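Beneath this line is the structure, given in structure tokens, with notes to follow.
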Amino acid sequence: MTERLPACPRVRVVVERADAPRCAIAVGDSFDVDGSGLSTHGQPFCAFALASVVPVLGMMQGELPADDWLVRKPLICCPDARENVVMRLERLP
């Protein structure tokens with residue numbers, strides 16, 4: 001039986017890399033999701049980058065196998081490859 005990680009409703013998304021963003025996004029920018037609520041800590045966050053993360057947030061908040069790709073390498077890229085914006089998803093306690 002595969003070990004499973006319990007559901008975790010709190011997730012933080014942090015910009016790990018931003019080589020040539022056309023928006024104001026920068027390394028270290030983040031937002032938190034708690035259940036269905038979202039907090040950008042009063043700072044703007046690129047809508048396109050946010051949209052690229054939304055499809056996997058539900059999976060990240062749910063129960064996951066310990067060897068799932070979201071556990072091993074929780075990185076999501078912004079849709080515009082030229083910008084090379086990479087975001088890391090973290091499960092919060």
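Following the order of the structure tokens, first chain is A, next is B, and so on, with residues numbered from 1 inside each chain and ligands from 1 in the order they appear.
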### Members of chain A assigned alpha helix (DSSP H) by DSSP, as number ranges by chain
A: 47-61, 69-72
Restricting it to all heavy atoms, dump the selection as a CSV table (one decimal), in the first residue's frame.
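The new file out-v4.csv reads:
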chain,number,residue,atom,x,y,z
A,47,ALA,N,-2.4,37.7,-13.2
A,47,ALA,CA,-3.6,36.8,-13.4
A,47,ALA,C,-3.3,35.6,-14.3
A,47,ALA,O,-3.9,34.6,-14.1
A,47,ALA,CB,-4.7,37.7,-14.1
A,48,PHE,N,-2.4,35.7,-15.2
A,48,PHE,CA,-2.0,34.6,-16.1
A,48,PHE,C,-1.3,33.5,-15.2
A,48,PHE,O,-1.5,32.3,-15.4
A,48,PHE,CB,-1.2,35.0,-17.3
A,48,PHE,CG,-2.0,35.9,-18.2
A,48,PHE,CD1,-1.7,37.2,-18.4
A,48,PHE,CD2,-3.0,35.3,-19.0
A,48,PHE,CE1,-2.4,38.0,-19.3
A,48,PHE,CE2,-3.7,36.1,-19.8
A,48,PHE,CZ,-3.4,37.5,-20.0
A,49,ALA,N,-0.4,34.0,-14.4
A,49,ALA,CA,0.4,33.1,-13.5
A,49,ALA,C,-0.6,32.4,-12.5
A,49,ALA,O,-0.6,31.2,-12.3
A,49,ALA,CB,1.4,33.8,-12.7
A,50,LEU,N,-1.5,33.1,-12.0
A,50,LEU,CA,-2.6,32.6,-11.1
A,50,LEU,C,-3.4,31.5,-11.8
A,50,LEU,O,-3.6,30.5,-11.3
A,50,LEU,CB,-3.4,33.7,-10.6
A,50,LEU,CG,-4.6,33.3,-9.7
A,50,LEU,CD1,-4.1,32.7,-8.4
A,50,LEU,CD2,-5.4,34.6,-9.4
A,51,ALA,N,-3.8,31.9,-13.1
A,51,ALA,CA,-4.6,30.9,-13.8
A,51,ALA,C,-3.9,29.6,-14.1
A,51,ALA,O,-4.6,28.6,-14.3
A,51,ALA,CB,-5.1,31.6,-15.1
A,52,SER,N,-2.6,29.7,-14.3
A,52,SER,CA,-1.9,28.4,-14.5
A,52,SER,C,-1.8,27.5,-13.3
A,52,SER,O,-1.6,26.3,-13.5
A,52,SER,CB,-0.5,28.7,-15.1
A,52,SER,OG,0.3,29.3,-14.1
A,53,VAL,N,-2.0,28.1,-12.1
A,53,VAL,CA,-1.9,27.3,-10.9
A,53,VAL,C,-3.2,26.7,-10.5
A,53,VAL,O,-3.3,25.6,-9.9
A,53,VAL,CB,-1.3,28.1,-9.8
A,53,VAL,CG1,-1.3,27.4,-8.5
A,53,VAL,CG2,0.2,28.5,-10.1
A,54,VAL,N,-4.3,27.4,-10.8
A,54,VAL,CA,-5.6,27.1,-10.3
A,54,VAL,C,-6.0,25.6,-10.6
A,54,VAL,O,-6.5,25.0,-9.7
A,54,VAL,CB,-6.7,28.1,-10.8
A,54,VAL,CG1,-8.1,27.6,-10.6
A,54,VAL,CG2,-6.5,29.4,-10.1
A,55,PRO,N,-5.8,25.1,-11.8
A,55,PRO,CA,-6.2,23.7,-12.0
A,55,PRO,C,-5.6,22.6,-11.1
A,55,PRO,O,-6.2,21.6,-10.9
A,55,PRO,CB,-5.7,23.5,-13.5
A,55,PRO,CG,-5.7,24.8,-14.1
A,55,PRO,CD,-5.2,25.7,-13.0
A,56,VAL,N,-4.4,22.9,-10.5
A,56,VAL,CA,-3.8,21.9,-9.6
A,56,VAL,C,-4.0,22.2,-8.1
A,56,VAL,O,-3.7,21.3,-7.3
A,56,VAL,CB,-2.3,21.7,-9.9
A,56,VAL,CG1,-2.1,21.2,-11.3
A,56,VAL,CG2,-1.6,22.9,-9.6
A,57,LEU,N,-4.6,23.3,-7.8
A,57,LEU,CA,-4.8,23.6,-6.4
A,57,LEU,C,-5.7,22.6,-5.6
A,57,LEU,O,-5.4,22.2,-4.5
A,57,LEU,CB,-5.4,25.0,-6.2
A,57,LEU,CG,-4.4,26.2,-6.4
A,57,LEU,CD1,-5.1,27.5,-6.4
A,57,LEU,CD2,-3.2,26.1,-5.4
A,58,GLY,N,-6.7,22.2,-6.3
A,58,GLY,CA,-7.6,21.2,-5.6
A,58,GLY,C,-6.9,19.9,-5.3
A,58,GLY,O,-7.1,19.3,-4.3
A,59,MET,N,-6.1,19.5,-6.3
A,59,MET,CA,-5.3,18.2,-6.0
A,59,MET,C,-4.3,18.5,-4.9
A,59,MET,O,-4.1,17.6,-4.1
A,59,MET,CB,-4.5,17.8,-7.3
A,59,MET,CG,-5.4,17.4,-8.4
A,59,MET,SD,-4.6,16.8,-9.9
A,59,MET,CE,-3.1,17.8,-10.1
A,60,MET,N,-3.7,19.6,-4.9
A,60,MET,CA,-2.7,19.9,-3.8
A,60,MET,C,-3.3,20.0,-2.4
A,60,MET,O,-2.7,19.6,-1.5
A,60,MET,CB,-2.0,21.2,-4.2
A,60,MET,CG,-0.8,21.5,-3.3
A,60,MET,SD,0.6,20.4,-3.7
A,60,MET,CE,1.9,21.1,-2.9
A,61,GLN,N,-4.6,20.4,-2.4
A,61,GLN,CA,-5.3,20.5,-1.1
A,61,GLN,C,-5.8,19.2,-0.6
A,61,GLN,O,-6.1,19.0,0.6
A,61,GLN,CB,-6.4,21.5,-1.2
A,61,GLN,CG,-5.9,22.9,-1.4
A,61,GLN,CD,-7.1,23.9,-1.6
A,61,GLN,OE1,-8.0,23.6,-2.4
A,61,GLN,NE2,-7.1,25.0,-0.8
A,69,TRP,N,3.7,13.4,-8.1
A,69,TRP,CA,4.5,14.4,-8.7
A,69,TRP,C,4.4,15.8,-8.0
A,69,TRP,O,5.3,16.5,-7.9
A,69,TRP,CB,4.3,14.6,-10.2
A,69,TRP,CG,3.0,15.2,-10.6
A,69,TRP,CD1,1.8,14.5,-10.7
A,69,TRP,CD2,2.7,16.6,-10.8
A,69,TRP,NE1,0.8,15.4,-11.1
A,69,TRP,CE2,1.3,16.7,-11.1
A,69,TRP,CE3,3.5,17.7,-10.8
A,69,TRP,CZ2,0.7,17.9,-11.4
A,69,TRP,CZ3,2.9,18.9,-11.0
A,69,TRP,CH2,1.5,19.0,-11.4
A,70,LEU,N,3.2,16.1,-7.4
A,70,LEU,CA,3.0,17.3,-6.7
A,70,LEU,C,3.7,17.4,-5.4
A,70,LEU,O,4.0,18.4,-4.9
A,70,LEU,CB,1.5,17.6,-6.5
A,70,LEU,CG,0.8,18.3,-7.6
A,70,LEU,CD1,-0.7,18.3,-7.3
A,70,LEU,CD2,1.3,19.7,-7.9
A,71,VAL,N,4.1,16.2,-4.9
A,71,VAL,CA,4.9,16.1,-3.6
A,71,VAL,C,6.3,16.2,-4.0
A,71,VAL,O,7.1,16.9,-3.4
A,71,VAL,CB,4.5,14.9,-2.8
A,71,VAL,CG1,5.4,14.7,-1.6
A,71,VAL,CG2,3.1,14.9,-2.4
A,72,ARG,N,6.7,15.4,-5.0
A,72,ARG,CA,8.1,15.3,-5.4
A,72,ARG,C,8.7,16.6,-6.1
A,72,ARG,O,9.8,17.0,-5.8
A,72,ARG,CB,8.3,14.1,-6.4
A,72,ARG,CG,8.2,12.8,-5.7
A,72,ARG,CD,8.4,11.6,-6.7
A,72,ARG,NE,7.3,11.5,-7.6
A,72,ARG,CZ,7.4,11.7,-9.0
A,72,ARG,NH1,8.5,12.0,-9.5
A,72,ARG,NH2,6.3,11.6,-9.7
### Task
For Phe45 in chain A, list every protein, DNA or RNA residue within 12 Å, evaluated using only C-alpha atoms, and leave out those in the same chain fewer than 2 positions away; present the list as a list in words.
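Contacts, in chain order: Val13, Val14, Val15, Pro21, Cys23, Ala24, Ile25, Ala26, Val27, Gly28, Asp29, Ser30, Phe31, Asp32, Leu38, Ser39, Thr40, His41, Gly42, Gln43, Ala47, Phe48, Ala49, Leu50, Ala51, Val53 and Met87 of chain A.
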### Message
I'd like the contact shell of Gly37 in chain A - 10 Å cut-off, only C-alpha atoms, skipping same-chain residues fewer than 3 positions apart - returned as a list in words.
### Response
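Non-adjacent residues within range: Pro9, Arg10, Asp32, Val33 and Asp34 of chain A.
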### Task
Enumerate, as a PyMOL selection string, the complete set of residues in chain A that a backbone-based DSSP assignment places in strand (DSSP E or B).
chain A and resi 4-5+10-18+30-34+37-39+64-65+75-77+85-91
Those selected residues, please, written with N, CA, C and O atoms and delivered as a compact mmCIF listing (two decimals), in the first residue's frame.
# COMPACT_ATOMS: atom_id res chain seq x y z
N ARG A 4 0.12 7.70 2.05
CA ARG A 4 -0.63 8.86 1.59
C ARG A 4 -0.47 10.01 2.56
O ARG A 4 -0.39 9.82 3.76
N LEU A 5 -0.39 11.21 2.01
CA LEU A 5 -0.35 12.41 2.83
C LEU A 5 -1.78 12.89 3.05
O LEU A 5 -2.59 12.85 2.13
N ARG A 10 -4.59 24.32 3.21
CA ARG A 10 -3.78 25.54 3.07
C ARG A 10 -2.58 25.28 2.16
O ARG A 10 -1.78 24.38 2.41
N VAL A 11 -2.47 26.10 1.12
CA VAL A 11 -1.38 25.97 0.15
C VAL A 11 -0.81 27.36 -0.13
O VAL A 11 -1.55 28.34 -0.22
N ARG A 12 0.49 27.44 -0.22
CA ARG A 12 1.16 28.70 -0.59
C ARG A 12 1.80 28.49 -1.97
O ARG A 12 2.43 27.47 -2.23
N VAL A 13 1.68 29.50 -2.82
CA VAL A 13 2.30 29.49 -4.14
C VAL A 13 3.34 30.61 -4.14
O VAL A 13 3.02 31.76 -3.87
N VAL A 14 4.60 30.24 -4.41
CA VAL A 14 5.71 31.18 -4.36
C VAL A 14 6.43 31.20 -5.71
O VAL A 14 6.72 30.15 -6.27
N VAL A 15 6.72 32.40 -6.21
CA VAL A 15 7.47 32.52 -7.46
C VAL A 15 8.92 32.16 -7.19
O VAL A 15 9.60 32.79 -6.38
N GLU A 16 9.40 31.10 -7.85
CA GLU A 16 10.77 30.62 -7.70
C GLU A 16 11.71 31.26 -8.72
O GLU A 16 12.89 31.44 -8.46
N ARG A 17 11.15 31.54 -9.90
CA ARG A 17 11.98 32.04 -10.99
C ARG A 17 11.13 32.95 -11.87
O ARG A 17 9.97 32.67 -12.11
N ALA A 18 11.71 34.02 -12.35
CA ALA A 18 11.02 34.94 -13.26
C ALA A 18 12.08 35.62 -14.11
O ALA A 18 12.60 36.67 -13.77
N SER A 30 4.13 35.82 -3.64
CA SER A 30 3.37 34.63 -3.25
C SER A 30 1.91 34.97 -3.02
O SER A 30 1.54 36.13 -2.90
N PHE A 31 1.12 33.90 -2.95
CA PHE A 31 -0.25 34.02 -2.48
C PHE A 31 -0.59 32.73 -1.75
O PHE A 31 0.04 31.69 -1.95
N ASP A 32 -1.55 32.82 -0.84
CA ASP A 32 -2.00 31.66 -0.06
C ASP A 32 -3.43 31.32 -0.42
O ASP A 32 -4.24 32.21 -0.69
N VAL A 33 -3.73 30.04 -0.41
CA VAL A 33 -5.08 29.54 -0.60
C VAL A 33 -5.44 28.78 0.66
O VAL A 33 -4.70 27.93 1.11
N ASP A 34 -6.59 29.12 1.24
CA ASP A 34 -7.08 28.43 2.44
C ASP A 34 -8.50 27.99 2.14
O ASP A 34 -9.42 28.83 2.11
N GLY A 37 -10.63 30.23 -0.26
CA GLY A 37 -10.23 31.64 -0.17
C GLY A 37 -8.81 31.85 -0.65
O GLY A 37 -7.97 30.97 -0.55
N LEU A 38 -8.56 33.05 -1.16
CA LEU A 38 -7.25 33.38 -1.70
C LEU A 38 -6.78 34.70 -1.11
O LEU A 38 -7.55 35.64 -1.01
N SER A 39 -5.51 34.75 -0.69
CA SER A 39 -4.92 35.98 -0.15
C SER A 39 -3.60 36.25 -0.85
O SER A 39 -2.71 35.40 -0.87
N LEU A 64 -2.90 13.10 -0.93
CA LEU A 64 -1.99 12.77 -2.03
C LEU A 64 -1.13 11.56 -1.69
O LEU A 64 -0.71 11.40 -0.54
N PRO A 65 -0.83 10.71 -2.68
CA PRO A 65 0.17 9.67 -2.46
C PRO A 65 1.51 10.34 -2.16
O PRO A 65 1.83 11.39 -2.74
N LEU A 75 6.18 22.10 -9.00
CA LEU A 75 6.48 23.31 -9.77
C LEU A 75 5.49 23.47 -10.92
O LEU A 75 5.18 22.50 -11.62
N ILE A 76 5.03 24.69 -11.12
CA ILE A 76 4.11 25.02 -12.20
C ILE A 76 4.69 26.21 -12.96
O ILE A 76 5.18 27.16 -12.36
N CYS A 77 4.62 26.16 -14.29
CA CYS A 77 5.14 27.24 -15.13
C CYS A 77 4.00 28.12 -15.63
O CYS A 77 2.92 27.64 -15.90
N VAL A 85 8.52 31.99 -15.95
CA VAL A 85 8.06 32.16 -14.57
C VAL A 85 7.70 30.78 -14.03
O VAL A 85 6.88 30.08 -14.60
N VAL A 86 8.35 30.40 -12.94
CA VAL A 86 8.13 29.10 -12.32
C VAL A 86 7.68 29.34 -10.89
O VAL A 86 8.29 30.11 -10.15
N MET A 87 6.59 28.64 -10.51
CA MET A 87 6.04 28.78 -9.16
C MET A 87 6.07 27.45 -8.42
O MET A 87 5.84 26.41 -9.02
N ARG A 88 6.38 27.52 -7.14
CA ARG A 88 6.43 26.34 -6.27
C ARG A 88 5.20 26.33 -5.39
O ARG A 88 4.83 27.34 -4.80
N LEU A 89 4.57 25.17 -5.28
CA LEU A 89 3.41 25.01 -4.39
C LEU A 89 3.86 24.34 -3.10
O LEU A 89 4.59 23.34 -3.14
N GLU A 90 3.46 24.90 -1.97
CA GLU A 90 3.82 24.36 -0.66
C GLU A 90 2.55 24.07 0.13
O GLU A 90 1.68 24.93 0.22
N ARG A 91 2.46 22.89 0.70
CA ARG A 91 1.36 22.58 1.62
C ARG A 91 1.71 23.18 2.97
O ARG A 91 2.79 22.98 3.48
### Query
How far is it from CA of Ala66 in chain A to CA of Ala7 in chain A, in Å with one decimal?
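So the two atoms, CA of Ala66 in chain A and CA of Ala7 in chain A, lie 11.7 Å apart.
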### Query
Given the choices A:Glu63, A:Asp68, A:Asp19, A:Glu3, which gets closest to Asn84 in chain A if the distance is worked out from only C-alpha atoms?
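Looking only at the distances to Asn84 in chain A, the closest residue turns out to be A:Asp19.
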### Query
Out of A:Pro74, A:Gly62, A:Asp67, A:Pro79, which residue has the shortest atom-to-atom distance to Cys46 in chain A when counting only C-alpha atoms?
A:Pro79
